[in-house]
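Q: The structure under discussion is supplied below as structure tokens; questions concerning it will follow.
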There are 2 protein chains.
Amino acid sequence: MPDTAAPGAAPIALDAMGGDHAPGEIVAGAVQAVREHGVPVVLVGAPRPLYEALARHDATAEIPIVRAEEVLSMDEGALASLRRPRSSIAVACHLVRRGDAAAVVSAGSTAGVVATGKLRLKGQPGVLRPAIAVALPTRPEPSVLLDAGANAEVKPEMLVQFAHLGAAYAETAFQIRRPRVGLLTIGSEPGKGNKLVKRAHELLSASPGLDFAGNIEGHDLLTRSVDVVVTDGFTGNVALKTIEGSVRYAFAELREAIGESRTARLGGLLQKRRIRELHRRLDPEQYGGAVLLGLNGTVVIAHGDSRARGVSAACVLAAKLAGQGVVARIGERLAAAHRPHRLWRPSGGPHSSPARPEERPKDERPQP
Amino acid sequence: MPDTAAPGAAPIALDAMGGDHAPGEIVAGAVQAVREHGVPVVLVGAPRPLYEALARHDATAEIPIVRAEEVLSMDEGALASLRRPRSSIAVACHLVRRGDAAAVVSAGSTAGVVATGKLRLKGQPGVLRPAIAVALPTRPEPSVLLDAGANAEVKPEMLVQFAHLGAAYAETAFQIRRPRVGLLTIGSEPGKGNKLVKRAHELLSASPGLDFAGNIEGHDLLTRSVDVVVTDGFTGNVALKTIEGSVRYAFAELREAIGESRTARLGGLLQKRRIRELHRRLDPEQYGGAVLLGLNGTVVIAHGDSRARGVSAACVLAAKLAGQGVVARIGERLAAAHRPHRLWRPSGGPHSSPARPEERPKDERPQP
């Protein structure tokens with residue numbers, strides 16, 4: 001994968017102590033990232049167990065270790081990040097801050113990683129709130145959904161910024177030129193939804209440098225009707241977990257249907273492999289996990305139960321986002337959007353229809 | 001189905017003009033309801049086309065027609081219900097108001113049906129807001145989710161009432177004795193979520209006559225972890241449509257997987273029937289559509305694209321809810337919950353944990 005990491009690029013700082021299967025599976029994932037994807041990785045955590053784990057892969061010479069005395073346990077929340085300045089995730093963030101690492105990857109508790117990231121890396125200039133972006137398993141490219149849970153309470157202006165964060169993600173991770181942005185609500189007409197989305201619809205319609213496609217609904221999330229889905233962290237988290245639960249449910253029902261008759265069971269046996277493959281493709285781990293956007297550095301949050309494959313996918317994603325300069329891209333987008341947006345005042349009421357493309361300010365940014 | 005309609009019970013007032021396939025499929029559904037389920041139905045709409053449609057089923061003697069000059073078209077919203085006092089849905093509501101019908105069934109536009117229902121039937125005493133309840137395809141019994149879209153903006157007190165509306169639905173439609181109620185949010189701990197759900201969690205924990213099971217998340221919606229899922233109309237509508245879209249997506253992916261190889265295709269052929277059956281079971285029409293709860297009368301809103309099967313299922317559900325006295329049951333529940341709830345004051349902060357069963361006031365209602 002030439003585009004994931006330039007030769008001699010700064011390594012990914014991998015929190016080796018975070019996650020249900022740390023450090024064993026984390027180290028195995030690091031080895032996969034280095035050997036199979038050419039992504040340089042530095043492990044952050046307790047030296048002895050990490051060295052022993054690397055030795056089992058015969059990789060002590062390939063992957064350096066950076067010492068971190070403390071560990072943020074999975075059940076520790078936001079406050080622990082203050083209590084543990086030397087935790088593996090805190091040290092990993094510090095490496096990025098110092099320029100010794102390109103990005104952070106952790107399978108630790110989301111609350112702890114988000115809090116530590118905010119504390120150690122700080123928000124990018126002009127960013128109101130960092131947001132968690134996830135890639136939905138749509139095709140050909142994934143759709144980006146954000147916020148997936150970092151902000152349960154938001155303001156309309158924040159949703160506009162989320163649109164730019166998500167667009168920068170789509171541009172850098174999936175090479176989408178002019179990402180189309182949709183607003184998640186409960187009706188396709190501009191007037192549909194709660195106060196938050198009605199106001200956000202106005203602001204998104206008027207935000208320069210944004211290809212706003214209007215409202216989308218729950219049943220559009222997996223049809224790739226847009227490249228970026230914008231929503232608050234409460235709705236986004238419910239929607240994401242509902243997708244995971246529904247897909248799991250559909251497969252369980254199917255497995256049962258297959259088991260119900262002998263002929264069908266035969267059919268099922270013939271298909272087992274196909275279905276396993278499909279199952280794998282729908283597995284969020286495939287997409288490397290969630291990304292915390294809006295900080296002075298890229299932080300990828302892998303699933304807490306990530307195994308080696310999930311960890312290496314997260315490292316590949318982190319290297320790609322860092323290599324393609326997602327942080328800088330966010331800065332450009334917000335700078336371009338900031339002043340006009342500041343000056344803009346709503347003309348119509350909450351029911352005013354979205355600006356049609358020709359009415360919407362063109363995207364002035366230099367094409368990559 | 002003896003429990004659906006007592007002999008000589010008042011008929012279901014079926015809006016024969018609402019829906020994408022009205023009146024043909026609506027009339028066909030009425031015939032199914034009468035002949036296959038023993039549910040008496042009266043058709044409301046334009047007499048001539050209805051009579052002709054009934055004649056095609058040789059059912060002119062079985063099903064009476066009540067004249068309604070006007071029709072609420074599918075694209076007409078809430079306001080139309082004011083402009084059209086003689087619409088088929090308005091007349092159907094009037095029949096229930098007069099006691100000439102037990103309940104209303106319509107496949108018309110949700111906005112129009114909700115507005116007309118509120119206008120003609122009025123809210124039950126003590127009900128802050130009527131809510132739309134849907135049955136999720138869980139097993140052995142469906143779980144009830146509400147609000148599914150009637151109220152995009154709610155207050156914590158309304159969520160408590162939704163819990164009682166949904167519990168009354170589960171008791172009457174599915175004979176569940178002490179329905180367990182869950183609050184949809186983004187974490188299992190009491191402190192998780194936005195301001196609305198944190199406050200609602202406190203009120204639900206303290207509400208008498210409620211078996212509150214605490215928070216549930218998106219991935220719990222189809223695991224039947226609770227009998228009733230309470231949420232605001234915005235989140236509920238997004239979650240419901242996300243379930244529909246995700247299940248459709250999983251089956252489409254599956255169909256493709258089946259088509260991919262010859263052996264797998266063979267397997268697919270062997271299974272087609274099973275999968276069709278499964279698909280049917282996951283079809284919302286099976287459950288008769290959404291129910292508007294909290295009015296002086298039961299209103300079942302069938303899907304706009306309902307065919308005969310969906311319409312008859314809606315009539316069966318309406319007859320069951322009316323026959324089991326869901327409106328009276330809601331009245332009892334709210335009366336029992338009202339005073340203590342009024343007097344109750346929050347002790348702990350938003351992070352106070354839910355009352356444990358023994359601390360929670362017992363359900364005093366006479367067991368049916």
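Labels for the structure tokens follow display order: chains A, B, ..., residues from 1 in each chain, ligands from 1.
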Run DSSP on the backbone of this structure and report the residues of stretch 115-208 of chain B it assigns to strand (DSSP E or B), as a list in words.

A: Gly123, Ala131, Ile132, Ala133, Val134, Ala135, Leu136, Ser143, Val144, Leu145, Leu146, Arg180, Val181, Gly182, Leu183 and Leu184 of chain B

Q: Looking only at the backbone, which of the residues in stretch 12-69 of chain A does DSSP tag as alpha helix (DSSP H), as a short mmCIF file (atom, residue, chain, number, x, y, z; two decimals) with all heavy atoms, in the first residue's frame?

A:
data_model
loop_
_atom_site.label_atom_id
_atom_site.label_comp_id
_atom_site.auth_asym_id
_atom_site.auth_seq_id
_atom_site.Cartn_x
_atom_site.Cartn_y
_atom_site.Cartn_z
N GLY A 24 -1.02 -8.73 24.13
CA GLY A 24 -0.76 -9.78 23.14
C GLY A 24 -1.24 -9.46 21.74
O GLY A 24 -0.46 -9.36 20.78
N GLU A 25 -2.57 -9.22 21.59
CA GLU A 25 -3.13 -8.99 20.26
C GLU A 25 -2.68 -7.64 19.69
O GLU A 25 -2.57 -7.48 18.46
CB GLU A 25 -4.66 -9.05 20.32
CG GLU A 25 -5.21 -10.45 20.60
CD GLU A 25 -5.05 -11.38 19.40
OE1 GLU A 25 -5.21 -10.90 18.25
OE2 GLU A 25 -4.73 -12.56 19.61
N ILE A 26 -2.42 -6.69 20.58
CA ILE A 26 -1.98 -5.37 20.11
C ILE A 26 -0.60 -5.51 19.45
O ILE A 26 -0.36 -5.00 18.34
CB ILE A 26 -1.90 -4.36 21.28
CG1 ILE A 26 -3.20 -4.36 22.09
CG2 ILE A 26 -1.56 -2.97 20.76
CD1 ILE A 26 -4.41 -3.85 21.35
N VAL A 27 0.28 -6.23 20.12
CA VAL A 27 1.62 -6.44 19.57
C VAL A 27 1.53 -7.22 18.26
O VAL A 27 2.16 -6.87 17.26
CB VAL A 27 2.51 -7.18 20.59
CG1 VAL A 27 3.83 -7.60 19.94
CG2 VAL A 27 2.77 -6.31 21.81
N ALA A 28 0.68 -8.24 18.24
CA ALA A 28 0.51 -9.03 17.01
C ALA A 28 0.02 -8.13 15.88
O ALA A 28 0.47 -8.24 14.73
CB ALA A 28 -0.47 -10.16 17.26
N GLY A 29 -0.88 -7.19 16.22
CA GLY A 29 -1.37 -6.24 15.21
C GLY A 29 -0.27 -5.33 14.71
O GLY A 29 -0.20 -5.02 13.51
N ALA A 30 0.60 -4.91 15.63
CA ALA A 30 1.73 -4.05 15.24
C ALA A 30 2.63 -4.79 14.25
O ALA A 30 3.04 -4.23 13.22
CB ALA A 30 2.52 -3.65 16.48
N VAL A 31 2.89 -6.06 14.54
CA VAL A 31 3.74 -6.86 13.66
C VAL A 31 3.10 -6.97 12.27
O VAL A 31 3.75 -6.77 11.24
CB VAL A 31 3.97 -8.27 14.25
CG1 VAL A 31 4.69 -9.16 13.26
CG2 VAL A 31 4.76 -8.16 15.56
N GLN A 32 1.79 -7.21 12.24
CA GLN A 32 1.06 -7.28 10.95
C GLN A 32 1.19 -5.95 10.20
O GLN A 32 1.47 -5.93 9.00
CB GLN A 32 -0.42 -7.54 11.20
CG GLN A 32 -0.83 -9.00 11.17
CD GLN A 32 -2.35 -9.15 11.19
OE1 GLN A 32 -3.09 -8.30 10.66
NE2 GLN A 32 -2.82 -10.23 11.82
N ALA A 33 0.99 -4.84 10.91
CA ALA A 33 1.03 -3.51 10.27
C ALA A 33 2.39 -3.28 9.63
O ALA A 33 2.49 -2.80 8.49
CB ALA A 33 0.74 -2.43 11.30
N VAL A 34 3.46 -3.64 10.35
CA VAL A 34 4.82 -3.42 9.85
C VAL A 34 5.12 -4.35 8.68
O VAL A 34 5.56 -3.91 7.61
CB VAL A 34 5.85 -3.65 10.98
CG1 VAL A 34 7.27 -3.65 10.42
CG2 VAL A 34 5.69 -2.58 12.05
N ARG A 35 4.85 -5.65 8.86
CA ARG A 35 5.28 -6.63 7.86
C ARG A 35 4.36 -6.69 6.65
O ARG A 35 4.81 -6.80 5.51
CB ARG A 35 5.38 -8.01 8.51
CG ARG A 35 6.51 -8.09 9.53
CD ARG A 35 6.59 -9.46 10.18
NE ARG A 35 7.70 -9.51 11.14
CZ ARG A 35 7.89 -10.51 12.00
NH1 ARG A 35 7.05 -11.54 12.01
NH2 ARG A 35 8.91 -10.48 12.84
N GLU A 36 3.05 -6.60 6.87
CA GLU A 36 2.11 -6.77 5.75
C GLU A 36 1.76 -5.46 5.07
O GLU A 36 1.43 -5.43 3.88
CB GLU A 36 0.83 -7.46 6.24
CG GLU A 36 1.07 -8.89 6.72
CD GLU A 36 -0.18 -9.51 7.34
OE1 GLU A 36 -1.29 -9.03 7.01
OE2 GLU A 36 -0.03 -10.43 8.16
N HIS A 37 1.81 -4.34 5.81
CA HIS A 37 1.37 -3.06 5.24
C HIS A 37 2.47 -2.02 5.18
O HIS A 37 2.23 -0.90 4.71
CB HIS A 37 0.18 -2.53 6.04
CG HIS A 37 -0.96 -3.49 6.14
ND1 HIS A 37 -1.77 -3.78 5.07
CD2 HIS A 37 -1.40 -4.26 7.17
CE1 HIS A 37 -2.68 -4.66 5.43
NE2 HIS A 37 -2.48 -4.97 6.70
N PRO A 47 7.70 -2.00 29.14
CA PRO A 47 8.74 -2.59 28.28
C PRO A 47 8.85 -4.12 28.34
O PRO A 47 8.83 -4.77 27.31
CB PRO A 47 10.03 -1.94 28.78
CG PRO A 47 9.58 -0.63 29.35
CD PRO A 47 8.25 -0.91 29.97
N ARG A 48 8.87 -4.68 29.57
CA ARG A 48 9.15 -6.12 29.66
C ARG A 48 8.12 -6.98 28.92
O ARG A 48 8.47 -7.71 27.99
CB ARG A 48 9.28 -6.56 31.11
CG ARG A 48 9.55 -8.06 31.29
CD ARG A 48 9.74 -8.44 32.73
NE ARG A 48 10.98 -7.85 33.30
CZ ARG A 48 12.18 -8.41 33.14
NH1 ARG A 48 12.32 -9.53 32.44
NH2 ARG A 48 13.25 -7.84 33.67
N PRO A 49 6.82 -6.87 29.29
CA PRO A 49 5.84 -7.72 28.58
C PRO A 49 5.81 -7.45 27.08
O PRO A 49 5.64 -8.37 26.29
CB PRO A 49 4.51 -7.36 29.23
CG PRO A 49 4.74 -6.10 29.96
CD PRO A 49 6.18 -6.08 30.34
N LEU A 50 6.05 -6.19 26.70
CA LEU A 50 6.03 -5.88 25.26
C LEU A 50 7.22 -6.53 24.56
O LEU A 50 7.08 -7.11 23.48
CB LEU A 50 6.05 -4.36 25.05
CG LEU A 50 4.80 -3.60 25.53
CD1 LEU A 50 4.90 -2.13 25.18
CD2 LEU A 50 3.54 -4.21 24.94
N TYR A 51 8.36 -6.46 25.21
CA TYR A 51 9.56 -7.08 24.61
C TYR A 51 9.34 -8.58 24.45
O TYR A 51 9.62 -9.16 23.39
CB TYR A 51 10.80 -6.82 25.48
CG TYR A 51 12.08 -7.29 24.84
CD1 TYR A 51 12.81 -6.46 23.99
CD2 TYR A 51 12.55 -8.59 25.07
CE1 TYR A 51 13.97 -6.91 23.39
CE2 TYR A 51 13.71 -9.05 24.47
CZ TYR A 51 14.42 -8.19 23.63
OH TYR A 51 15.57 -8.65 23.03
N GLU A 52 8.77 -9.19 25.49
CA GLU A 52 8.53 -10.65 25.43
C GLU A 52 7.54 -10.98 24.31
O GLU A 52 7.73 -11.94 23.56
CB GLU A 52 8.00 -11.15 26.78
CG GLU A 52 9.09 -11.16 27.86
CD GLU A 52 8.51 -11.27 29.27
OE1 GLU A 52 7.26 -11.24 29.40
OE2 GLU A 52 9.31 -11.34 30.22
N ALA A 53 6.50 -10.15 24.20
CA ALA A 53 5.51 -10.40 23.14
C ALA A 53 6.14 -10.25 21.76
O ALA A 53 5.93 -11.07 20.86
CB ALA A 53 4.34 -9.43 23.29
N LEU A 54 6.98 -9.21 21.61
CA LEU A 54 7.67 -9.01 20.32
C LEU A 54 8.58 -10.20 20.02
O LEU A 54 8.68 -10.66 18.88
CB LEU A 54 8.49 -7.73 20.36
CG LEU A 54 7.73 -6.42 20.14
CD1 LEU A 54 8.63 -5.22 20.40
CD2 LEU A 54 7.15 -6.36 18.74
N ALA A 55 9.26 -10.72 21.09
CA ALA A 55 10.18 -11.84 20.90
C ALA A 55 9.43 -13.05 20.33
O ALA A 55 9.94 -13.75 19.45
CB ALA A 55 10.83 -12.20 22.24
N ARG A 56 8.20 -13.24 20.78
CA ARG A 56 7.42 -14.39 20.28
C ARG A 56 7.18 -14.26 18.77
O ARG A 56 7.02 -15.25 18.07
CB ARG A 56 6.08 -14.49 21.02
CG ARG A 56 6.21 -15.17 22.40
CD ARG A 56 4.84 -15.54 22.95
NE ARG A 56 4.08 -14.37 23.38
CZ ARG A 56 4.29 -13.73 24.54
NH1 ARG A 56 5.25 -14.15 25.36
NH2 ARG A 56 3.57 -12.68 24.88
#

Q: Tell me which protein, DNA and RNA residues are within 9 Å of A:Thr116, counting only C-alpha atoms, leaving out same-chain ones fewer than 3 positions away, and put them as number ranges by chain.

A: A: 78-82, 85, 89-90, 93, 111-113, 119-121

Q: I need the residues from that last selection saved to file as a compact mmCIF listing (two decimals), in the first residue's frame (with all heavy atoms), if you can.

A:
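Result file selection15.txt:
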# COMPACT_ATOMS: atom_id res chain seq x y z
N ALA A 78 -13.22 9.42 31.70
CA ALA A 78 -12.53 10.66 31.33
C ALA A 78 -11.56 11.14 32.42
O ALA A 78 -10.42 11.49 32.13
CB ALA A 78 -13.57 11.74 31.06
N LEU A 79 -11.99 11.11 33.68
CA LEU A 79 -11.16 11.70 34.74
C LEU A 79 -9.82 11.01 34.88
O LEU A 79 -8.82 11.64 35.22
CB LEU A 79 -11.92 11.65 36.07
CG LEU A 79 -13.04 12.68 36.18
CD1 LEU A 79 -13.83 12.48 37.46
CD2 LEU A 79 -12.47 14.08 36.13
N ALA A 80 -9.77 9.71 34.58
CA ALA A 80 -8.52 8.98 34.76
C ALA A 80 -7.39 9.61 33.95
O ALA A 80 -6.22 9.58 34.34
CB ALA A 80 -8.71 7.53 34.33
N SER A 81 -7.75 10.24 32.82
CA SER A 81 -6.71 10.83 31.97
C SER A 81 -5.97 11.94 32.71
O SER A 81 -4.82 12.23 32.43
CB SER A 81 -7.35 11.39 30.70
OG SER A 81 -8.29 12.38 31.04
N LEU A 82 -6.65 12.57 33.68
CA LEU A 82 -5.99 13.60 34.49
C LEU A 82 -5.14 12.95 35.58
O LEU A 82 -4.03 13.38 35.88
CB LEU A 82 -7.04 14.51 35.13
CG LEU A 82 -7.80 15.42 34.17
CD1 LEU A 82 -9.06 15.96 34.82
CD2 LEU A 82 -6.90 16.56 33.74
N PRO A 85 -0.98 10.99 34.17
CA PRO A 85 -0.25 11.73 33.13
C PRO A 85 0.74 10.85 32.37
O PRO A 85 1.19 11.19 31.28
CB PRO A 85 0.47 12.82 33.92
CG PRO A 85 0.58 12.29 35.30
CD PRO A 85 -0.64 11.45 35.51
N ILE A 89 -1.58 5.74 26.81
CA ILE A 89 -2.25 6.58 25.82
C ILE A 89 -1.76 8.03 25.90
O ILE A 89 -1.54 8.69 24.88
CB ILE A 89 -3.80 6.49 25.97
CG1 ILE A 89 -4.52 7.46 25.01
CG2 ILE A 89 -4.25 6.75 27.39
CD1 ILE A 89 -4.31 7.15 23.55
N ALA A 90 -1.50 8.50 27.14
CA ALA A 90 -0.99 9.87 27.31
C ALA A 90 0.39 10.01 26.68
O ALA A 90 0.68 10.98 25.97
CB ALA A 90 -0.94 10.23 28.79
N CYS A 93 0.16 10.11 22.91
CA CYS A 93 -0.22 11.45 22.44
C CYS A 93 0.98 12.39 22.51
O CYS A 93 1.21 13.20 21.59
CB CYS A 93 -1.36 12.01 23.31
SG CYS A 93 -2.94 11.19 23.07
N ALA A 111 -14.01 6.72 26.23
CA ALA A 111 -14.06 7.92 27.08
C ALA A 111 -12.65 8.34 27.49
O ALA A 111 -12.30 9.52 27.42
CB ALA A 111 -14.92 7.64 28.30
N GLY A 112 -11.83 7.36 27.90
CA GLY A 112 -10.48 7.66 28.33
C GLY A 112 -9.61 8.19 27.20
O GLY A 112 -8.87 9.16 27.37
N VAL A 113 -9.73 7.57 26.02
CA VAL A 113 -8.91 8.01 24.88
C VAL A 113 -9.32 9.41 24.44
O VAL A 113 -8.47 10.27 24.19
CB VAL A 113 -9.06 7.01 23.69
CG1 VAL A 113 -8.35 7.54 22.46
CG2 VAL A 113 -8.52 5.64 24.08
N LEU A 119 -6.86 16.42 26.14
CA LEU A 119 -5.97 17.01 27.15
C LEU A 119 -4.54 17.15 26.62
O LEU A 119 -3.90 18.19 26.80
CB LEU A 119 -5.97 16.12 28.40
CG LEU A 119 -5.31 16.65 29.66
CD1 LEU A 119 -6.12 17.80 30.23
CD2 LEU A 119 -5.17 15.52 30.68
N ARG A 120 -4.04 16.14 25.92
CA ARG A 120 -2.62 16.12 25.52
C ARG A 120 -2.39 16.75 24.15
O ARG A 120 -1.34 17.34 23.92
CB ARG A 120 -2.10 14.68 25.51
CG ARG A 120 -2.31 13.91 26.79
CD ARG A 120 -1.47 14.44 27.93
NE ARG A 120 -1.98 13.97 29.22
CZ ARG A 120 -1.60 14.47 30.39
NH1 ARG A 120 -0.73 15.46 30.44
NH2 ARG A 120 -2.12 14.01 31.51
N LEU A 121 -3.33 16.60 23.23
CA LEU A 121 -3.12 17.11 21.87
C LEU A 121 -3.82 18.45 21.65
O LEU A 121 -3.47 19.19 20.72
CB LEU A 121 -3.61 16.09 20.84
CG LEU A 121 -2.79 14.80 20.75
CD1 LEU A 121 -3.48 13.80 19.84
CD2 LEU A 121 -1.38 15.10 20.25

Q: Counting only C-alpha atoms, which of A:Glu69, A:Asp15, A:Glu332, A:Asp227 gets nearest to A:Ala213?

A: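 Of A:Glu69, A:Asp15, A:Glu332, A:Asp227, the one nearest A:Ala213, counting only C-alpha atoms, is A:Asp227.
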
Q: Under the rule that only C-alpha atoms are counted, which of A:Ile186, A:Gly209, A:Gly117, A:Gly214 is the nearest residue to B:Leu240?

A: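 Nearest candidate to B:Leu240 out of A:Ile186, A:Gly209, A:Gly117, A:Gly214: A:Ile186.
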
Q: For A:Thr242, list every protein, DNA or RNA residue within 9 Å, evaluated using only C-alpha atoms, and leave out those in the same chain fewer than 3 positions away; present the list as JSON, numbers by chain.

A: {"A": [237, 238, 239, 245, 246, 247], "B": [217, 218, 219, 220, 221, 222, 239, 240, 242, 243, 246]}

Q: For the selection just defined, write its residues with N, CA, C and O atoms to a file, as a PDB file, in the first residue's frame.

A:
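Okay, out-v2.pdb is ready:
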ATOM      1  N   ASN A 237     -24.585   7.895  17.838  1.00  0.00           N
ATOM      2  CA  ASN A 237     -24.209   6.696  18.569  1.00  0.00           C
ATOM      3  C   ASN A 237     -25.352   5.678  18.562  1.00  0.00           C
ATOM      4  O   ASN A 237     -25.128   4.473  18.371  1.00  0.00           O
ATOM      5  N   VAL A 238     -26.578   6.163  18.730  1.00  0.00           N
ATOM      6  CA  VAL A 238     -27.738   5.260  18.676  1.00  0.00           C
ATOM      7  C   VAL A 238     -27.832   4.622  17.289  1.00  0.00           C
ATOM      8  O   VAL A 238     -27.998   3.406  17.152  1.00  0.00           O
ATOM      9  N   ALA A 239     -27.684   5.433  16.243  1.00  0.00           N
ATOM     10  CA  ALA A 239     -27.800   4.922  14.869  1.00  0.00           C
ATOM     11  C   ALA A 239     -26.713   3.882  14.588  1.00  0.00           C
ATOM     12  O   ALA A 239     -26.993   2.806  14.054  1.00  0.00           O
ATOM     13  N   GLY A 245     -26.414  -3.823  15.631  1.00  0.00           N
ATOM     14  CA  GLY A 245     -27.364  -4.787  16.189  1.00  0.00           C
ATOM     15  C   GLY A 245     -28.283  -5.378  15.123  1.00  0.00           C
ATOM     16  O   GLY A 245     -28.577  -6.575  15.151  1.00  0.00           O
ATOM     17  N   SER A 246     -28.704  -4.548  14.174  1.00  0.00           N
ATOM     18  CA  SER A 246     -29.644  -5.023  13.153  1.00  0.00           C
ATOM     19  C   SER A 246     -28.980  -6.007  12.203  1.00  0.00           C
ATOM     20  O   SER A 246     -29.569  -7.023  11.832  1.00  0.00           O
ATOM     21  N   VAL A 247     -27.743  -5.720  11.810  1.00  0.00           N
ATOM     22  CA  VAL A 247     -27.029  -6.628  10.904  1.00  0.00           C
ATOM     23  C   VAL A 247     -26.775  -7.959  11.618  1.00  0.00           C
ATOM     24  O   VAL A 247     -27.026  -9.033  11.069  1.00  0.00           O
TER      25      VAL A 247
ATOM     26  N   GLU B 217     -29.193   0.328  24.745  1.00  0.00           N
ATOM     27  CA  GLU B 217     -28.497   0.977  23.634  1.00  0.00           C
ATOM     28  C   GLU B 217     -29.020   0.458  22.306  1.00  0.00           C
ATOM     29  O   GLU B 217     -29.814  -0.482  22.260  1.00  0.00           O
ATOM     30  N   GLY B 218     -28.527   1.070  21.226  1.00  0.00           N
ATOM     31  CA  GLY B 218     -29.013   0.717  19.897  1.00  0.00           C
ATOM     32  C   GLY B 218     -28.917  -0.769  19.593  1.00  0.00           C
ATOM     33  O   GLY B 218     -29.819  -1.349  18.986  1.00  0.00           O
ATOM     34  N   HIS B 219     -27.827  -1.419  20.060  1.00  0.00           N
ATOM     35  CA  HIS B 219     -27.676  -2.835  19.698  1.00  0.00           C
ATOM     36  C   HIS B 219     -28.575  -3.753  20.521  1.00  0.00           C
ATOM     37  O   HIS B 219     -28.620  -4.950  20.286  1.00  0.00           O
ATOM     38  N   ASP B 220     -29.309  -3.167  21.491  1.00  0.00           N
ATOM     39  CA  ASP B 220     -30.250  -3.974  22.284  1.00  0.00           C
ATOM     40  C   ASP B 220     -31.656  -3.970  21.686  1.00  0.00           C
ATOM     41  O   ASP B 220     -32.525  -4.727  22.140  1.00  0.00           O
ATOM     42  N   LEU B 221     -31.906  -3.140  20.682  1.00  0.00           N
ATOM     43  CA  LEU B 221     -33.282  -2.930  20.211  1.00  0.00           C
ATOM     44  C   LEU B 221     -33.932  -4.218  19.719  1.00  0.00           C
ATOM     45  O   LEU B 221     -35.129  -4.418  19.902  1.00  0.00           O
ATOM     46  N   LEU B 222     -33.140  -5.108  19.105  1.00  0.00           N
ATOM     47  CA  LEU B 222     -33.728  -6.325  18.529  1.00  0.00           C
ATOM     48  C   LEU B 222     -33.400  -7.577  19.341  1.00  0.00           C
ATOM     49  O   LEU B 222     -33.640  -8.692  18.896  1.00  0.00           O
ATOM     50  N   ALA B 239     -33.948   5.588  14.683  1.00  0.00           N
ATOM     51  CA  ALA B 239     -33.618   4.203  15.031  1.00  0.00           C
ATOM     52  C   ALA B 239     -34.476   3.220  14.230  1.00  0.00           C
ATOM     53  O   ALA B 239     -33.958   2.255  13.661  1.00  0.00           O
ATOM     54  N   LEU B 240     -35.774   3.493  14.148  1.00  0.00           N
ATOM     55  CA  LEU B 240     -36.681   2.587  13.434  1.00  0.00           C
ATOM     56  C   LEU B 240     -36.293   2.469  11.963  1.00  0.00           C
ATOM     57  O   LEU B 240     -36.163   1.368  11.417  1.00  0.00           O
ATOM     58  N   THR B 242     -33.442   3.134  10.703  1.00  0.00           N
ATOM     59  CA  THR B 242     -32.113   2.527  10.599  1.00  0.00           C
ATOM     60  C   THR B 242     -32.223   1.009  10.666  1.00  0.00           C
ATOM     61  O   THR B 242     -31.529   0.291   9.941  1.00  0.00           O
ATOM     62  N   ILE B 243     -33.119   0.505  11.509  1.00  0.00           N
ATOM     63  CA  ILE B 243     -33.352  -0.946  11.571  1.00  0.00           C
ATOM     64  C   ILE B 243     -33.837  -1.437  10.214  1.00  0.00           C
ATOM     65  O   ILE B 243     -33.285  -2.380   9.645  1.00  0.00           O
ATOM     66  N   SER B 246     -31.051  -1.308   7.680  1.00  0.00           N
ATOM     67  CA  SER B 246     -29.953  -2.243   7.947  1.00  0.00           C
ATOM     68  C   SER B 246     -30.348  -3.671   7.599  1.00  0.00           C
ATOM     69  O   SER B 246     -29.558  -4.423   7.025  1.00  0.00           O
TER      70      SER B 246
END

Q: Using only C-alpha atoms, can you tell me which of A:Arg333, A:Lys122, A:Arg309, A:Lys155 comes closest to A:Glu171?

A: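 With only C-alpha atoms as the atom set, the closest residue is A:Arg333.
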
Q: Find the residues around A:Leu165 up to 8 Å (only C-alpha atoms counted), leave out those fewer than 5 positions away in its own chain, and share them as a list in words.

A: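 Counting only C-alpha atoms, the residues come to Leu293, Gly294 and Ile330 of chain A.
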
Q: Residues near B:Pro140, anyone? I mean within 12 Å using only C-alpha atoms, not counting same-chain ones fewer than 4 positions away, as a ChimeraX atom specification.

A: /B:136,174,176,222-227

Q: Quick one: of A:Val127, A:Ala103, A:Leu295, A:Ala148, who's nearest to A:Val41, counting only C-alpha atoms?

A: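 Result for the nearest residue to A:Val41: A:Ala103.
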
Q: So that I can check the surroundings of B:Pro64, please list as a CSV table (one decimal) with C-alpha atoms, in the first residue's frame every protein, DNA and RNA residue that reaches within 7 Å of it, counting only C-alpha atoms and ignoring chain neighbours fewer than 2 positions away.

A:
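Final output, saved to result_20.csv:
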chain,number,residue,atom,x,y,z
B,42,VAL,CA,-66.8,-0.6,8.0
B,43,LEU,CA,-65.3,1.1,5.0
B,62,GLU,CA,-70.7,-8.3,4.4
B,66,VAL,CA,-70.0,5.1,5.3

Q: Atom CA of B:Ser306 and atom CA of B:Ala133, how far apart in Å?

A: 17.6 Å
